[in-house]
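Contents: one structure, followed by commentary.
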Amino acid sequence: MAYRIAVIVGSLRRESFNGQLAAALQKLAHPQLEFTTVRIGDLPLYNQDEENNPTEAVRRMKTEIAAAQGVLFVTPEYNRSIPGVLKNAIDHGSRPYGQSVWSGKPAAIIGISVGAIGTAIAQGHLRTVLGYLDMPTLGQPEMYLQNKPGFFGANGEVGSDGTREFLQKFVDRFTEWVKEHADRAANR
Ligand code: FNR
């Protein structure tokens with residue numbers, strides 16, 4: 001059985017390290033996981049007045065999340081929190097009240113930044129938001145990555161064998177996490 005994973009990258013930057021990390025993770029994953037990178041850059045700013053009149057971009061994003069068995073958040077840290085574009089996407093998906101597309105979807109968080117604590121504070125904030133949205137979120141391994149020269153090779157691969165092994169553990173555990181939740185939901 002294939003498991004669809006919605007990937008949400010919290011940076012819109014063309015050369016985003018988090019975008020590169022998301023691509024590297026997908027290469028390490030078991031072929032049972034089918035990844036869709038969800039576009040969030042074309043979502044309007046969330047406005048409750050427009051909640052019942054969603055744009056095509058909002059509808060598309062919600063459809064992609066609803067169709068997924070798991071969600072992978074790959075995000076930088078902006079000013080010690082999550083980027084506004086990511087929060088905007090989360091807010092869109094959470095409404096109208098009672099119709100959240102996030103509810104019950106197993107999730108994992110990973111991020112890379114240039115700072116020494118590697119997105120730890122942003123991840124903590126995101127974890128709080130996902131808890132409220134009733135998304136069971138993988139606790140371990142935690143993945144706080146700092147980008148230094150050589151982290152990514154010329155073709156976007158992860159440069160160090162040690163880091164690659166660390167990422168492999170994360171992807172493998174996330175795969176189990178998604179399967180556990182999908183199987184539980186199927187047997188309900
Ligand atoms: C940053 N950066 C940053 N880094 C960090 O470790 N902690 C932080 O709080 C911040 N704050 C912050 C705010 C804003 C507005 C920007 C643009 C940047 C630096 C950040 O780690 C760096 O720009 C990364 O390259 C961003 O990730 P992407 O775009 O490469 O995926």
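Letters A, B, ... mark the chains of the structure tokens in the order given; residue numbers begin at 1 per chain; ligand numbers begin at 1, in order shown.
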
Within 9 Å of ligand 1, counting only C-alpha atoms and all ligand atoms: which residues, as a PDB file with C-alpha atoms, in the first residue's frame?
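Generated file (out.pdb):
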```pdb
ATOM      1  CA  VAL A   9       8.100  23.857   3.102  1.00  0.00           C
ATOM      2  CA  GLY A  10       8.030  27.014   5.206  1.00  0.00           C
ATOM      3  CA  SER A  11      10.254  29.011   2.847  1.00  0.00           C
ATOM      4  CA  LEU A  12       9.324  30.438  -0.548  1.00  0.00           C
ATOM      5  CA  ARG A  13      12.952  31.194  -1.440  1.00  0.00           C
ATOM      6  CA  ARG A  14      14.071  29.676  -4.749  1.00  0.00           C
ATOM      7  CA  GLU A  15      17.323  28.270  -3.326  1.00  0.00           C
ATOM      8  CA  SER A  16      15.755  27.446   0.036  1.00  0.00           C
ATOM      9  CA  PHE A  17      17.852  25.115   2.192  1.00  0.00           C
ATOM     10  CA  ASN A  18      14.605  23.723   3.546  1.00  0.00           C
ATOM     11  CA  GLY A  19      13.400  23.067   0.014  1.00  0.00           C
ATOM     12  CA  GLN A  20      16.662  21.231  -0.657  1.00  0.00           C
ATOM     13  CA  LEU A  21      16.306  19.304   2.588  1.00  0.00           C
ATOM     14  CA  VAL A  74      10.156  21.348   6.653  1.00  0.00           C
ATOM     15  CA  THR A  75      10.672  24.848   7.902  1.00  0.00           C
ATOM     16  CA  PRO A  76      13.181  27.548   8.649  1.00  0.00           C
ATOM     17  CA  GLU A  77      13.016  29.709  11.740  1.00  0.00           C
ATOM     18  CA  TYR A  78      12.093  33.364  11.259  1.00  0.00           C
ATOM     19  CA  ASN A  79      12.699  35.644  14.217  1.00  0.00           C
ATOM     20  CA  ARG A  80      12.531  32.727  16.607  1.00  0.00           C
ATOM     21  CA  SER A  81       9.208  31.427  15.306  1.00  0.00           C
ATOM     22  CA  ILE A  82       7.642  29.912  12.210  1.00  0.00           C
ATOM     23  CA  PRO A  83       7.482  31.930   8.985  1.00  0.00           C
ATOM     24  CA  GLY A 111      14.113  22.260   9.760  1.00  0.00           C
ATOM     25  CA  ILE A 112      17.424  23.786   8.803  1.00  0.00           C
ATOM     26  CA  SER A 113      18.663  27.287   9.439  1.00  0.00           C
ATOM     27  CA  VAL A 114      21.933  29.124   9.552  1.00  0.00           C
ATOM     28  CA  GLY A 115      21.596  29.674  13.298  1.00  0.00           C
ATOM     29  CA  ALA A 116      23.341  27.429  15.828  1.00  0.00           C
ATOM     30  CA  ILE A 117      20.141  26.044  17.345  1.00  0.00           C
ATOM     31  CA  GLY A 118      18.862  24.910  13.959  1.00  0.00           C
ATOM     32  CA  THR A 119      15.167  25.999  14.076  1.00  0.00           C
ATOM     33  CA  ALA A 120      14.600  24.592  17.582  1.00  0.00           C
ATOM     34  CA  ILE A 121      12.405  27.480  18.722  1.00  0.00           C
ATOM     35  CA  ALA A 122      10.348  27.556  15.519  1.00  0.00           C
ATOM     36  CA  GLN A 146      22.421  23.971  10.985  1.00  0.00           C
ATOM     37  CA  ASN A 147      23.482  24.741   7.442  1.00  0.00           C
TER      38      ASN A 147
END
```

Using only C-alpha atoms, tabulate the residues of stretch 40-78 of chain A lying at most 8 Å from any atom of stretch 102-109 of chain A, each with its closest atom pair and that distance in Å to one decimal, by chain and increasing residue number, as a Markdown table.
```
| residue | atom | partner | partner_atom | distance |
| --- | --- | --- | --- | --- |
| A:Ile65 | CA | A:Trp102 | CA | 7.2 |
| A:Ala66 | CA | A:Trp102 | CA | 7.5 |
| A:Ala68 | CA | A:Lys105 | CA | 8.0 |
| A:Gln69 | CA | A:Lys105 | CA | 6.4 |
| A:Gly70 | CA | A:Pro106 | CA | 5.0 |
| A:Val71 | CA | A:Ala107 | CA | 4.7 |
| A:Leu72 | CA | A:Ala108 | CA | 5.1 |
| A:Phe73 | CA | A:Ile109 | CA | 4.8 |
| A:Val74 | CA | A:Ile109 | CA | 6.1 |
| A:Thr75 | CA | A:Ile109 | CA | 7.7 |
```

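Nearest-residue note for A:Arg164: choosing from A:Glu176, A:Phe151, A:Gly41, A:Asp134, the minimum distance belongs to A:Phe151, counting only C-alpha atoms.
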
Requested in this report: Pick out each residue of chain A that DSSP on the backbone tags as strand (DSSP E); I need them as a list in words.
Outcome: Tyr3, Arg4, Ile5, Ala6, Val7, Ile8, Val9, Leu33, Glu34, Phe35, Thr36, Thr37, Gly70, Val71, Leu72, Phe73, Val74, Ala107, Ala108, Ile109, Ile110, Gly111, Ile112, Ser113, Tyr144, Leu145 and Gln146 of chain A

May I have the selected residues written with N, CA and C atoms, as a tab-separated table (two decimals), in the first residue's frame?
```
chain	number	residue	atom	x	y	z
A	3	TYR	N	1.45	5.30	0.74
A	3	TYR	CA	1.01	6.33	1.68
A	3	TYR	C	1.37	7.69	1.10
A	4	ARG	N	0.35	8.53	0.97
A	4	ARG	CA	0.60	9.87	0.42
A	4	ARG	C	1.03	10.83	1.52
A	5	ILE	N	2.12	11.53	1.26
A	5	ILE	CA	2.65	12.48	2.22
A	5	ILE	C	2.62	13.88	1.61
A	6	ALA	N	1.96	14.78	2.30
A	6	ALA	CA	1.97	16.19	1.89
A	6	ALA	C	3.19	16.85	2.54
A	7	VAL	N	4.02	17.46	1.72
A	7	VAL	CA	5.21	18.14	2.23
A	7	VAL	C	4.97	19.64	2.20
A	8	ILE	N	5.16	20.29	3.33
A	8	ILE	CA	4.98	21.74	3.38
A	8	ILE	C	6.31	22.37	3.77
A	9	VAL	N	6.82	23.18	2.86
A	9	VAL	CA	8.10	23.86	3.10
A	9	VAL	C	7.79	25.30	3.53
A	33	LEU	N	6.19	5.58	0.20
A	33	LEU	CA	5.75	6.95	0.47
A	33	LEU	C	5.72	7.74	-0.84
A	34	GLU	N	4.57	8.35	-1.12
A	34	GLU	CA	4.43	9.18	-2.32
A	34	GLU	C	4.29	10.63	-1.86
A	35	PHE	N	5.24	11.45	-2.27
A	35	PHE	CA	5.28	12.83	-1.75
A	35	PHE	C	4.63	13.82	-2.72
A	36	THR	N	3.89	14.75	-2.15
A	36	THR	CA	3.39	15.90	-2.90
A	36	THR	C	3.84	17.14	-2.18
A	37	THR	N	4.56	18.00	-2.86
A	37	THR	CA	4.93	19.27	-2.23
A	37	THR	C	3.78	20.24	-2.42
A	70	GLY	N	-0.24	11.61	5.69
A	70	GLY	CA	0.72	12.20	6.64
A	70	GLY	C	1.20	13.55	6.12
A	71	VAL	N	1.70	14.36	7.03
A	71	VAL	CA	2.18	15.69	6.64
A	71	VAL	C	3.59	15.89	7.19
A	72	LEU	N	4.48	16.31	6.31
A	72	LEU	CA	5.86	16.58	6.70
A	72	LEU	C	6.11	18.08	6.59
A	73	PHE	N	6.42	18.71	7.72
A	73	PHE	CA	6.72	20.14	7.75
A	73	PHE	C	8.24	20.32	7.74
A	74	VAL	N	8.72	21.08	6.77
A	74	VAL	CA	10.16	21.35	6.65
A	74	VAL	C	10.30	22.87	6.67
A	107	ALA	N	2.04	13.78	11.71
A	107	ALA	CA	2.96	14.79	11.17
A	107	ALA	C	4.36	14.59	11.72
A	108	ALA	N	5.32	15.19	11.04
A	108	ALA	CA	6.68	15.30	11.56
A	108	ALA	C	7.22	16.67	11.18
A	109	ILE	N	8.15	17.13	12.00
A	109	ILE	CA	8.73	18.46	11.80
A	109	ILE	C	10.24	18.31	11.68
A	110	ILE	N	10.80	19.04	10.73
A	110	ILE	CA	12.25	19.10	10.57
A	110	ILE	C	12.58	20.47	10.01
A	111	GLY	N	13.77	20.95	10.30
A	111	GLY	CA	14.11	22.26	9.76
A	111	GLY	C	15.61	22.50	9.78
A	112	ILE	N	16.02	23.40	8.89
A	112	ILE	CA	17.42	23.79	8.80
A	112	ILE	C	17.50	25.30	8.73
A	113	SER	N	18.47	25.83	9.48
A	113	SER	CA	18.66	27.29	9.44
A	113	SER	C	20.16	27.55	9.53
A	144	TYR	N	17.23	19.12	14.43
A	144	TYR	CA	17.59	20.54	14.40
A	144	TYR	C	18.90	20.66	13.60
A	145	LEU	N	18.80	21.18	12.42
A	145	LEU	CA	19.96	21.16	11.52
A	145	LEU	C	20.48	22.57	11.26
A	146	GLN	N	21.79	22.68	11.30
A	146	GLN	CA	22.42	23.97	10.98
A	146	GLN	C	23.13	23.85	9.64
```

For A:Arg60, work out the shell of residues within 10 Å, counting only C-alpha atoms and skipping chain neighbours fewer than 3 positions away, then give it as a tab-separated table (two decimals) with C-alpha atoms, in the first residue's frame.
```
chain	number	residue	atom	x	y	z
A	38	VAL	CA	2.04	21.52	-1.34
A	39	ARG	CA	2.26	25.04	-2.76
A	40	ILE	CA	1.60	27.69	-0.14
A	43	LEU	CA	-2.43	31.46	-0.88
A	54	PRO	CA	-12.04	30.22	-0.95
A	55	THR	CA	-9.73	30.93	-3.89
A	56	GLU	CA	-8.65	28.12	-6.18
A	57	ALA	CA	-5.27	28.01	-4.41
A	63	THR	CA	-7.71	18.98	-1.21
A	64	GLU	CA	-4.04	17.93	-1.19
A	65	ILE	CA	-3.89	17.82	2.60
A	66	ALA	CA	-7.19	15.97	2.86
```

Requested in this report: Write out as number ranges by chain all residues of chain A that DSSP puts in helix (DSSP H, G or I) for this structure's backbone.
Outcome: A: 17-28, 48-50, 56-66, 84-93, 120-132, 161-186

With C-alpha atoms retained, write the just-selected residues as a compact mmCIF listing (two decimals), in the first residue's frame.
```
# COMPACT_ATOMS: atom_id res chain seq x y z
CA PHE A 17 17.85 25.12 2.19
CA ASN A 18 14.60 23.72 3.55
CA GLY A 19 13.40 23.07 0.01
CA GLN A 20 16.66 21.23 -0.66
CA LEU A 21 16.31 19.30 2.59
CA ALA A 22 12.75 18.28 1.66
CA ALA A 23 14.04 16.96 -1.69
CA ALA A 24 16.89 15.07 0.00
CA LEU A 25 14.47 13.44 2.47
CA GLN A 26 12.23 12.27 -0.34
CA LYS A 27 15.19 10.49 -1.95
CA LEU A 28 15.90 8.65 1.31
CA GLN A 48 -12.25 35.10 7.90
CA ASP A 49 -14.63 37.19 5.73
CA GLU A 50 -13.55 35.05 2.75
CA GLU A 56 -8.65 28.12 -6.18
CA ALA A 57 -5.27 28.01 -4.41
CA VAL A 58 -6.93 27.53 -1.01
CA ARG A 59 -9.18 24.78 -2.37
CA ARG A 60 -6.22 23.03 -4.00
CA MET A 61 -4.16 23.12 -0.82
CA LYS A 62 -6.99 21.76 1.29
CA THR A 63 -7.71 18.98 -1.21
CA GLU A 64 -4.04 17.93 -1.19
CA ILE A 65 -3.89 17.82 2.60
CA ALA A 66 -7.19 15.97 2.86
CA GLY A 84 4.24 33.83 8.38
CA VAL A 85 3.63 31.97 5.10
CA LEU A 86 3.54 28.69 6.97
CA LYS A 87 1.18 29.97 9.67
CA ASN A 88 -1.03 31.43 6.94
CA ALA A 89 -1.29 28.03 5.24
CA ILE A 90 -2.04 26.31 8.54
CA ASP A 91 -4.76 28.84 9.34
CA HIS A 92 -6.39 28.35 5.92
CA GLY A 93 -6.44 24.58 6.37
CA ALA A 120 14.60 24.59 17.58
CA ILE A 121 12.40 27.48 18.72
CA ALA A 122 10.35 27.56 15.52
CA GLN A 123 9.82 23.82 15.85
CA GLY A 124 8.63 24.24 19.42
CA HIS A 125 6.11 26.85 18.31
CA LEU A 126 4.95 24.66 15.42
CA ARG A 127 4.55 21.69 17.76
CA THR A 128 2.20 23.77 19.92
CA VAL A 129 0.09 24.69 16.88
CA LEU A 130 -0.06 21.10 15.62
CA GLY A 131 -1.08 19.91 19.09
CA TYR A 132 -4.03 22.26 19.04
CA ASP A 161 27.52 10.32 5.70
CA GLY A 162 26.74 10.88 9.39
CA THR A 163 24.03 13.45 8.65
CA ARG A 164 22.58 11.24 5.93
CA GLU A 165 22.30 8.34 8.39
CA PHE A 166 20.65 10.68 10.89
CA LEU A 167 18.14 11.81 8.24
CA GLN A 168 17.53 8.19 7.25
CA LYS A 169 16.52 7.35 10.84
CA PHE A 170 14.13 10.29 10.84
CA VAL A 171 12.52 9.29 7.52
CA ASP A 172 12.23 5.64 8.56
CA ARG A 173 10.63 6.54 11.89
CA PHE A 174 8.24 8.95 10.17
CA THR A 175 7.26 6.18 7.74
CA GLU A 176 6.41 3.88 10.67
CA TRP A 177 4.53 6.74 12.33
CA VAL A 178 2.36 7.32 9.26
CA LYS A 179 1.70 3.60 8.80
CA GLU A 180 0.76 3.13 12.46
CA HIS A 181 -1.78 5.92 12.25
CA ALA A 182 -3.14 4.96 8.83
CA ASP A 183 -3.58 1.32 9.93
CA ARG A 184 -5.29 2.42 13.14
CA ALA A 185 -7.65 4.69 11.17
CA ALA A 186 -8.43 1.84 8.72
```

Query - Pairwise distance for atom CA of A:Pro136 and atom CA of A:Glu157, rounded to one decimal in Å - result: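 Pair atom CA of A:Pro136 / atom CA of A:Glu157 returns 29.2 Å.
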
Report summary line: If you count only C-alpha atoms, the residue of A:Leu138, A:Ala67, A:Asn52, A:Pro149 closest to A:Tyr97 turns out to be A:Asn52
